[in-house]
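Participant: Structure file data_15.pdb (PDB, C-alpha atoms) right here:
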ATOM      1  CA  ALA A 273     107.882  90.730 -41.616
ATOM      2  CA  ALA A 274     111.287  90.369 -39.916
ATOM      3  CA  SER A 275     109.624  90.857 -36.502
ATOM      4  CA  SER A 276     107.073  88.119 -37.279
ATOM      5  CA  ALA A 277     109.853  85.681 -38.310
ATOM      6  CA  ALA A 278     111.810  86.406 -35.116
ATOM      7  CA  ASP A 279     108.659  85.908 -32.977
ATOM      8  CA  GLY A 280     108.163  82.536 -34.639
ATOM      9  CA  LEU A 281     111.709  81.443 -33.745
ATOM     10  CA  LEU A 282     111.286  82.649 -30.128
ATOM     11  CA  GLY A 283     108.074  80.741 -29.533
ATOM     12  CA  GLY A 284     105.569  83.375 -30.709
ATOM     13  CA  GLN A 285     105.035  84.975 -27.270
ATOM     14  CA  PRO A 286     104.829  88.767 -27.080
ATOM     15  CA  TYR A 287     107.057  90.616 -24.628
ATOM     16  CA  ALA A 288     104.218  91.213 -22.133
ATOM     17  CA  ALA A 289     103.563  87.471 -21.868
ATOM     18  CA  ARG A 290     107.277  86.631 -21.563
ATOM     19  CA  LEU A 291     107.693  89.270 -18.851
ATOM     20  CA  ALA A 292     104.691  87.884 -16.977
ATOM     21  CA  ARG A 293     106.194  84.398 -17.022
ATOM     22  CA  ALA A 294     109.014  85.451 -14.680
ATOM     23  CA  SER A 295     106.931  87.864 -12.598
ATOM     24  CA  VAL A 296     105.674  87.805  -9.014
ATOM     25  CA  LYS A 297     102.148  88.447 -10.229
ATOM     26  CA  ALA A 298     100.473  89.440 -13.487
ATOM     27  CA  GLY A 299      96.946  90.082 -14.688
ATOM     28  CA  TYR A 300      94.377  92.651 -15.762
ATOM     29  CA  LEU A 301      93.482  95.535 -13.470
ATOM     30  CA  HIS A 302      91.941  98.962 -13.924
ATOM     31  CA  GLY A 303      94.308 101.860 -13.220
ATOM     32  CA  LEU A 304      93.175 105.347 -12.244
ATOM     33  CA  GLY A 305      94.837 107.795 -14.623
ATOM     34  CA  GLU A 306      95.676 111.442 -14.226
ATOM     35  CA  ASN A 307      92.389 112.326 -15.929
ATOM     36  CA  HIS A 308      90.577 110.443 -13.110
ATOM     37  CA  GLN A 309      89.345 107.773 -15.518
ATOM     38  CA  TRP A 310      89.725 104.050 -14.937
ATOM     39  CA  LYS A 311      91.446 102.196 -17.769
ATOM     40  CA  ARG A 312      91.844  98.451 -18.106
ATOM     41  CA  ARG A 313      95.521  97.490 -18.346
ATOM     42  CA  PHE A 314      97.636  94.328 -18.133
ATOM     43  CA  PHE A 315      99.920  94.676 -15.085
ATOM     44  CA  VAL A 316     103.138  92.741 -14.445
ATOM     45  CA  LEU A 317     104.877  92.939 -11.050
ATOM     46  CA  LYS A 318     108.576  92.133 -11.309
ATOM     47  CA  PRO A 319     110.651  91.013  -8.314
ATOM     48  CA  THR A 320     112.653  94.204  -8.798
ATOM     49  CA  THR A 321     109.559  96.081  -7.419
ATOM     50  CA  MET A 322     108.748  97.563 -10.814
ATOM     51  CA  LEU A 323     105.060  97.338 -11.746
ATOM     52  CA  TYR A 324     104.795  97.412 -15.551
ATOM     53  CA  TYR A 325     101.499  97.981 -17.307
ATOM     54  CA  PHE A 326     100.525  97.170 -20.894
ATOM     55  CA  GLY A 327      97.449  97.772 -23.014
ATOM     56  CA  SER A 328      97.030  93.970 -23.164
ATOM     57  CA  ASP A 329      99.036  90.791 -22.638
ATOM     58  CA  ALA A 330      99.734  90.750 -26.406
ATOM     59  CA  ASP A 331     101.734  94.014 -26.360
ATOM     60  CA  GLU A 332     105.459  94.173 -27.108
ATOM     61  CA  GLU A 333     106.143  97.449 -25.270
ATOM     62  CA  PRO A 334     104.825  98.599 -21.869
ATOM     63  CA  LEU A 335     102.808 101.783 -21.660
ATOM     64  CA  GLY A 336     104.675 102.651 -18.459
ATOM     65  CA  CYS A 337     105.848 101.392 -15.085
ATOM     66  CA  VAL A 338     105.512 102.248 -11.391
ATOM     67  CA  ASP A 339     108.294 101.828  -8.823
ATOM     68  CA  VAL A 340     106.577 100.146  -5.886
ATOM     69  CA  GLU A 341     109.509 101.084  -3.632
ATOM     70  CA  ALA A 342     108.502 104.731  -4.023
ATOM     71  CA  PHE A 343     105.362 104.084  -1.923
ATOM     72  CA  THR A 344     105.277 103.523   1.834
ATOM     73  CA  SER A 345     101.928 101.745   2.076
ATOM     74  CA  VAL A 346      99.762  99.370   0.074
ATOM     75  CA  SER A 347      96.187  98.927   1.255
ATOM     76  CA  CYS A 348      92.636  98.059   0.312
ATOM     77  CA  ARG A 349      90.858 101.379   0.083
ATOM     78  CA  GLU A 350      87.384 100.090  -0.724
ATOM     79  CA  VAL A 351      85.457  96.889  -1.413
ATOM     80  CA  HIS A 352      82.553  97.735  -3.689
ATOM     81  CA  GLN A 353      79.139  96.116  -3.587
ATOM     82  CA  ASP A 354      79.789  94.289  -6.856
ATOM     83  CA  GLY A 355      82.936  92.700  -5.364
ATOM     84  CA  ARG A 356      85.512  94.961  -7.022
ATOM     85  CA  VAL A 357      88.435  96.034  -4.843
ATOM     86  CA  THR A 358      90.178  99.419  -5.008
ATOM     87  CA  ILE A 359      93.878  99.174  -4.120
ATOM     88  CA  GLU A 360      95.837 102.224  -3.056
ATOM     89  CA  LEU A 361      99.594 102.685  -3.091
ATOM     90  CA  ALA A 362     100.453 105.811  -1.088
ATOM     91  CA  ARG A 363     103.339 107.876   0.179
ATOM     92  CA  ALA A 364     102.829 110.815   2.511
ATOM     93  CA  ALA A 365     103.966 114.260   1.503
ATOM     94  CA  PRO A 366     107.418 115.212   2.835
ATOM     95  CA  PRO A 367     107.147 117.025   6.188
ATOM     96  CA  GLY A 368     107.502 120.804   5.964
ATOM     97  CA  ALA A 369     106.894 120.893   2.213
ATOM     98  CA  ASP A 370     104.470 123.634   1.323
ATOM     99  CA  ASN A 371     101.554 122.691  -0.938
ATOM    100  CA  ALA A 372     102.958 119.202  -1.291
ATOM    101  CA  LYS A 373     100.456 116.422  -1.951
ATOM    102  CA  PRO A 374     100.771 112.760  -1.023
ATOM    103  CA  LEU A 375     101.767 110.401  -3.840
ATOM    104  CA  ILE A 376      98.883 108.038  -4.583
ATOM    105  CA  PHE A 377      98.467 105.362  -7.247
ATOM    106  CA  SER A 378      95.113 103.563  -7.415
ATOM    107  CA  LEU A 379      94.240 100.223  -8.943
ATOM    108  CA  ARG A 380      90.968  98.316  -9.163
ATOM    109  CA  ALA A 381      90.706  94.510  -9.238
ATOM    110  CA  PRO A 382      87.612  92.697 -10.543
ATOM    111  CA  GLY A 383      87.101  90.656  -7.364
ATOM    112  CA  GLU A 384      88.140  90.300  -3.716
ATOM    113  CA  SER A 385      90.352  87.260  -4.260
ATOM    114  CA  GLU A 386      92.215  88.954  -7.097
ATOM    115  CA  GLY A 387      92.374  92.257  -5.215
ATOM    116  CA  TYR A 388      93.845  90.851  -2.005
ATOM    117  CA  GLY A 389      96.179  88.682  -4.064
ATOM    118  CA  TRP A 390      97.577  91.839  -5.653
ATOM    119  CA  ILE A 391      97.862  93.570  -2.260
ATOM    120  CA  ASP A 392      99.890  90.662  -0.892
ATOM    121  CA  ALA A 393     102.102  90.603  -3.977
ATOM    122  CA  LEU A 394     102.711  94.375  -3.865
ATOM    123  CA  LYS A 395     103.515  94.292  -0.149
ATOM    124  CA  GLY A 396     105.907  91.382  -0.520
ATOM    125  CA  SER A 397     107.584  92.446  -3.728
ATOM    126  CA  SER A 398     110.323  94.504  -2.100
ATOM    127  CA  TYR A 399     111.204  91.697   0.313
ATOM    128  CA  ALA A 400     111.132  89.089  -2.438
ATOM    129  CA  ARG A 401     113.500  91.028  -4.660
ATOM    130  CA  LEU A 402     116.790  89.649  -3.347
ATOM    131  CA  LYS A 403     115.398  86.136  -2.958
ATOM    132  CA  GLU A 404     114.075  85.838  -6.493
ATOM    133  CA  ALA A 405     116.471  88.048  -8.439
ATOM    134  CA  ASN A 406     118.989  85.242  -9.046
ATOM    135  CA  GLU A 407     116.275  82.841 -10.162
ATOM    136  CA  VAL A 408     114.809  85.416 -12.526
ATOM    137  CA  MET A 409     118.208  86.186 -14.010
ATOM    138  CA  ARG A 410     118.936  82.494 -14.436
ATOM    139  CA  GLN A 411     115.583  81.954 -16.157
ATOM    140  CA  GLN A 412     116.183  84.905 -18.425
ATOM    141  CA  CYS A 413     119.667  83.634 -19.282
ATOM    142  CA  ASP A 414     118.201  80.216 -20.091
ATOM    143  CA  ASP A 415     115.554  81.841 -22.278
ATOM    144  CA  PHE A 416     118.156  83.953 -24.065
ATOM    145  CA  ALA A 417     120.381  80.907 -24.566
ATOM    146  CA  ALA A 418     117.446  78.949 -26.016
ATOM    147  CA  ASP A 419     116.553  81.866 -28.284
ATOM    148  CA  ILE A 420     120.152  82.198 -29.487
ATOM    149  CA  SER A 421     120.346  78.459 -30.104
ATOM    150  CA  SER A 422     117.115  78.579 -32.147
ATOM    151  CA  LEU A 423     118.421  81.494 -34.179
ATOM    152  CA  GLU A 424     121.750  79.756 -34.792
ATOM    153  CA  ARG A 425     119.993  76.570 -35.956
ATOM    154  CA  ALA A 426     117.726  78.570 -38.238
ATOM    155  CA  ALA A 427     120.704  80.490 -39.651
ATOM    156  CA  ALA A 428     122.635  77.236 -40.232
ATOM    157  CA  ALA A 429     119.621  75.668 -41.963
ATOM    158  CA  ALA A 430     119.179  78.746 -44.164
ATOM    159  CA  SER A 431     122.884  78.738 -45.058
ATOM    160  CA  GLU A 432     122.803  75.032 -45.932
ATOM    161  CA  ALA A 433     119.682  75.544 -48.073
ATOM    162  CA  GLU A 434     121.391  78.410 -49.893
ATOM    163  CA  GLN A 435     124.530  76.326 -50.530
ATOM    164  CA  GLN A 436     122.428  73.394 -51.742
ATOM    165  CA  ALA A 437     120.550  75.693 -54.121
ATOM    166  CA  LYS A 438     123.859  76.996 -55.483
ATOM    167  CA  ARG A 439     125.199  73.446 -55.930
ATOM    168  CA  SER A 440     122.015  72.394 -57.736
ATOM    169  CA  ALA A 441     122.193  75.430 -60.024
ATOM    170  CA  LEU A 442     125.843  74.732 -60.874
ATOM    171  CA  ALA A 443     125.077  71.062 -61.564
ATOM    172  CA  ALA A 444     122.141  72.008 -63.809
ATOM    173  CA  ASP A 445     124.313  74.462 -65.727
ATOM    174  CA  ALA A 446     127.009  71.803 -66.136
ATOM    175  CA  ARG A 447     124.472  69.232 -67.448
ATOM    176  CA  ARG A 448     123.021  71.803 -69.847
ATOM    177  CA  GLN A 449     126.494  72.667 -71.151
ATOM    178  CA  ARG A 450     127.331  68.981 -71.669
ATOM    179  CA  VAL A 451     124.146  68.495 -73.680
ATOM    180  CA  LEU A 452     124.860  71.553 -75.797
ATOM    181  CA  ASP A 453     128.458  70.453 -76.359
ATOM    182  CA  GLY A 454     127.219  67.025 -77.466
ATOM    183  CA  VAL A 455     124.665  68.555 -79.805
ATOM    184  CA  ALA A 456     127.339  70.837 -81.269
ATOM    185  CA  SER A 457     129.647  67.844 -81.848
ATOM    186  CA  ILE A 458     126.866  65.890 -83.561
ATOM    187  CA  TYR A 459     126.095  68.862 -85.755
ATOM    188  CA  GLU A 460     129.722  69.432 -86.726
ATOM    189  CA  ARG A 461     130.164  65.766 -87.721
ATOM    190  CA  GLY A 462     126.880  65.559 -89.545
ATOM    191  CA  VAL A 463     127.125  68.776 -91.533
ATOM    192  CA  ALA A 464     130.726  68.287 -92.660
ATOM    193  CA  GLN A 465     129.657  66.792 -96.050
ATOM    194  CA  ARG A 466     126.505  68.840 -96.567
ATOM    195  CA  ASP A 467     125.832  72.241 -98.032
ATOM    196  CA  ASP A 468     122.018  72.259 -97.688
ATOM    197  CA  VAL A 469     121.902  73.075 -93.943
ATOM    198  CA  ARG A 470     122.467  76.660 -92.805
ATOM    199  CA  PRO A 471     125.103  76.922 -90.058
ATOM    200  CA  PRO A 472     123.890  78.478 -86.738
ATOM    201  CA  VAL A 473     125.098  81.739 -85.239
ATOM    202  CA  PRO A 474     127.981  80.943 -82.826
ATOM    203  CA  GLY A 475     126.867  81.121 -79.190
ATOM    204  CA  ASP A 476     123.138  80.962 -80.030
ATOM    205  CA  ASP A 477     121.887  77.784 -78.345
ATOM    206  CA  ASP A 478     118.404  77.964 -79.859
ATOM    207  CA  ALA A 479     119.869  78.366 -83.350
ATOM    208  CA  LEU A 480     122.159  75.382 -82.733
ATOM    209  CA  LEU A 481     119.241  73.171 -81.731
ATOM    210  CA  ALA A 482     117.252  74.351 -84.749
ATOM    211  CA  ALA A 483     120.229  73.576 -87.025
ATOM    212  CA  VAL A 484     120.547  70.063 -85.570
ATOM    213  CA  GLU A 485     116.821  69.533 -86.113
ATOM    214  CA  ALA A 486     117.207  70.646 -89.746
ATOM    215  CA  LEU A 487     120.176  68.298 -90.125
ATOM    216  CA  LEU A 488     118.129  65.387 -88.797
ATOM    217  CA  ASP A 489     115.330  66.258 -91.213
ATOM    218  CA  ALA A 490     117.846  66.273 -94.083
ATOM    219  CA  HIS A 491     119.216  62.869 -93.017
ATOM    220  CA  SER A 492     115.678  61.544 -92.805
ATOM    221  CA  ALA A 493     115.012  62.720 -96.345
ATOM    222  CA  ASP A 494     118.240  61.045 -97.500
ATOM    223  CA  LEU A 495     117.218  57.777 -95.874
ATOM    224  CA  ALA A 496     113.802  57.929 -97.517
ATOM    225  CA  SER A 497     115.442  58.527-100.921
ATOM    226  CA  LEU A 498     117.866  55.634-100.417
ATOM    227  CA  LYS A 499     114.994  53.388 -99.437
ATOM    228  CA  GLN A 500     113.076  54.242-102.617
ATOM    229  CA  GLU A 501     116.185  53.657-104.741
ATOM    230  CA  HIS A 502     116.817  50.298-103.064
ATOM    231  CA  GLU A 503     113.210  49.219-103.593
ATOM    232  CA  ALA A 504     113.409  50.228-107.300
ATOM    233  CA  GLN A 505     116.614  48.214-107.796
ATOM    234  CA  ALA A 506     115.093  45.227-106.030
ATOM    235  CA  GLU A 507     112.069  45.388-108.340
ATOM    236  CA  LYS A 508     114.351  45.455-111.417
ATOM    237  CA  ARG A 509     116.287  42.416-110.146
ATOM    238  CA  ARG A 510     113.031  40.553-109.548
ATOM    239  CA  GLU A 511     111.797  41.316-113.070
ATOM    240  CA  ALA A 512     115.161  40.293-114.565
ATOM    241  CA  GLY A 513     115.059  37.004-112.655
ATOM    242  CA  GLN A 514     111.538  36.306-113.868
ATOM    243  CA  HIS A 515     112.566  37.008-117.491
ATOM    244  CA  LEU A 516     115.627  34.772-117.172
ATOM    245  CA  ALA A 517     113.528  31.955-115.721
ATOM    246  CA  ALA A 518     111.082  32.264-118.604
ATOM    247  CA  GLU A 519     113.870  32.072-121.183
ATOM    248  CA  LEU A 520     115.367  29.035-119.429
ATOM    249  CA  ALA A 521     112.009  27.273-119.392
ATOM    250  CA  GLU A 522     111.504  28.016-123.121
ATOM    251  CA  ALA A 523     114.995  26.650-123.979
ATOM    252  CA  GLN A 524     114.308  23.461-122.017
ATOM    253  CA  GLN A 525     111.031  22.984-123.863
ATOM    254  CA  GLN A 526     112.694  23.429-127.279
ATOM    255  CA  ALA A 527     115.339  20.837-126.312
ATOM    256  CA  ARG A 528     112.633  18.320-125.449
ATOM    257  CA  ASP A 529     110.821  19.020-128.688
ATOM    258  CA  ALA A 530     114.012  18.421-130.742
ATOM    259  CA  GLN A 531     114.442  14.965-129.251
TER     260      GLN A 531
END
Would you write out, as C-alpha cells, the structure that this file holds?
Facilitator:
Amino acid sequence: AASSAADGLLGGQPYAARLARASVKAGYLHGLGENHQWKRRFFVLKPTTMLYYFGSDADEEPLGCVDVEAFTSVSCREVHQDGRVTIELARAAPPGADNAKPLIFSLRAPGESEGYGWIDALKGSSYARLKEANEVMRQQCDDFAADISSLERAAAAASEAEQQAKRSALAADARRQRVLDGVASIYERGVAQRDDVRPPVPGDDDALLAAVEALLDAHSADLASLKQEHEAQAEKRREAGQHLAAELAEAQQQARDAQ
C-alpha cells in the first residue's frame, strides 16, 4: 500500500519506464539466454553503456544488465525471411587462453528498422556516454527535486489535515462540555426546592440528561396543576358574580314594587 501511494505521488510510472525516459534507446527485444531459448524482454540502453533488461516496461526492478563496453563488436548476424534481425555483441577470446570461448550476447529485433536502430544505438553508446552523462544527471536531479517537492507538499497537506482534525475535535469537546455545564446548572437551580426528582450519579452525563428530562416533566405537571386550579377559581368567581348580579336585580325590583 505504501509503494502504491508513493507511485501516485511520483507520477505513477514504474522504474523501467522512468529509466527508459532518459535512455539512448529502449524497447522490446528477444534475448538469447544461457539455455539457448529466446525470451522477450524490455531493454533499456543507458548512456553509461549499460544495457538493462526487464520482464516488461511495467517492472520496478531489472532482471539483469549487460555492459556494452565489455564487447568489441556489434553487428547484424542475420536478417530472417520474416524480417526479424539477429544482433550479436561479441568479444574474441583472449589470445593464448586455453579452451577460452568468445563472449557473445545475442538479441533479436522484430523488424529491420528496429534491429538496425538498436545496432546504431549500441555502437554509439560508448561514444555518447560523456556527451549525454551531464544531461542525464541533470534530468535525474530535476526528477528527484520534483519528487521531493511533491512528497513535501503531500506531507504538509497531511500534517495540516491532522492539525485541523485535532482542532475540530477539541472544539467539539469544548462545545459538548459547555452544553453539559449549562444543563447541570439548570438542573441544580430547578431541583433546589424539589424532593421528587432523583439526583444523577456525579460524572454520568446520560444520567444528568435523564434527570433534567425528569425535572422538566415535573415542572410540566406543576404547570398543568396550576392551570387547573386557576380555571377552577375563575369558574367560582364567575358563578359568584352571576349570583351577586341576580341578587342586585331582585333588590332593584323590590324597590320599584314598594314605590
Participant: Which residue is closest to Pro366 (chain A)? Choose from A:Thr344, A:Ala433, A:Tyr287, A:Gln353 and count only C-alpha atoms.
Facilitator: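 The answer is A:Thr344, which sits nearest to Pro366 (chain A).
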Participant: Tell me, in Å to one decimal, how far CA of Pro374 (chain A) is from CA of Tyr388 (chain A).
Facilitator: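 Rounded to one decimal, the two atoms are 23.0 Å apart.
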Participant: Given the file shown, enumerate the residues that the PyMOL selection byres ((chain A and resi 339) around 9) captures and present them as number ranges by chain.
Facilitator: A: 320-324, 337-338, 340-343
Participant: If I wrap all listed atoms of region 522-528 of chain A in a box with edges along x, y and z and add 4 Å on each side, what are its centre and edge lengths in Å to one decimal, as lines of an AutoDock Vina configuration file?
Facilitator:
center_x = 113.2
center_y = 23.2
center_z = -124.6
size_x = 12.3
size_y = 17.7
size_z = 13.3
Participant: So how far away is CA of Gly389 (chain A) from CA of Ala294 (chain A), in Å?
Facilitator: 17.0 Å
Participant: Can you tell me how far CA of Ala417 (chain A) sits from CA of Val316 (chain A), in Å to one decimal?
Facilitator: 23.2 Å
Participant: Pick out the residues sitting within 6 Å of Gly303 (chain A), and hand them over as a ChimeraX atom specification; count all atoms listed in the file, and ignore anything fewer than 6 positions along from it in its own chain.
Facilitator: /A:310-311,379
Participant: Could you expand the PyMOL selection byres ((chain A and resi 312) around 6) into the explicit residues it covers here, written as JSON, numbers by chain?
Facilitator: {"A": [301, 302, 311, 313]}
Participant: With the file shown as input, list the residues that the PyMOL selection byres ((chain A and resi 332) around 12) selects, as a list of chain:residue names.
Facilitator: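 When the PyMOL selection byres ((chain A and resi 332) around 12) is applied, the selected residues are A:Ser275, A:Ser276, A:Asp279, A:Gly284, A:Gln285, A:Pro286, A:Tyr287, A:Ala288, A:Ala289, A:Arg290, A:Leu291, A:Ala292, A:Phe314, A:Tyr325, A:Phe326, A:Gly327, A:Ser328, A:Asp329, A:Ala330, A:Asp331, A:Glu333, A:Pro334, A:Leu335.
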Participant: Quick one: residues within 9 Å of Trp390 (chain A), all atoms listed in the file counted, chain neighbours fewer than 5 positions away excluded, as a list in words?
Facilitator: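 What passes the distance filter is Lys297, Ala298, Ile359, Ala381, Ser385 and Lys395 of chain A.
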Participant: With only C-alpha atoms as the basis for distance, which of A:Glu384, A:Asp494, A:Glu503, A:Asp478 is at the shortest distance from Glu350 (chain A)?
Facilitator: A:Glu384
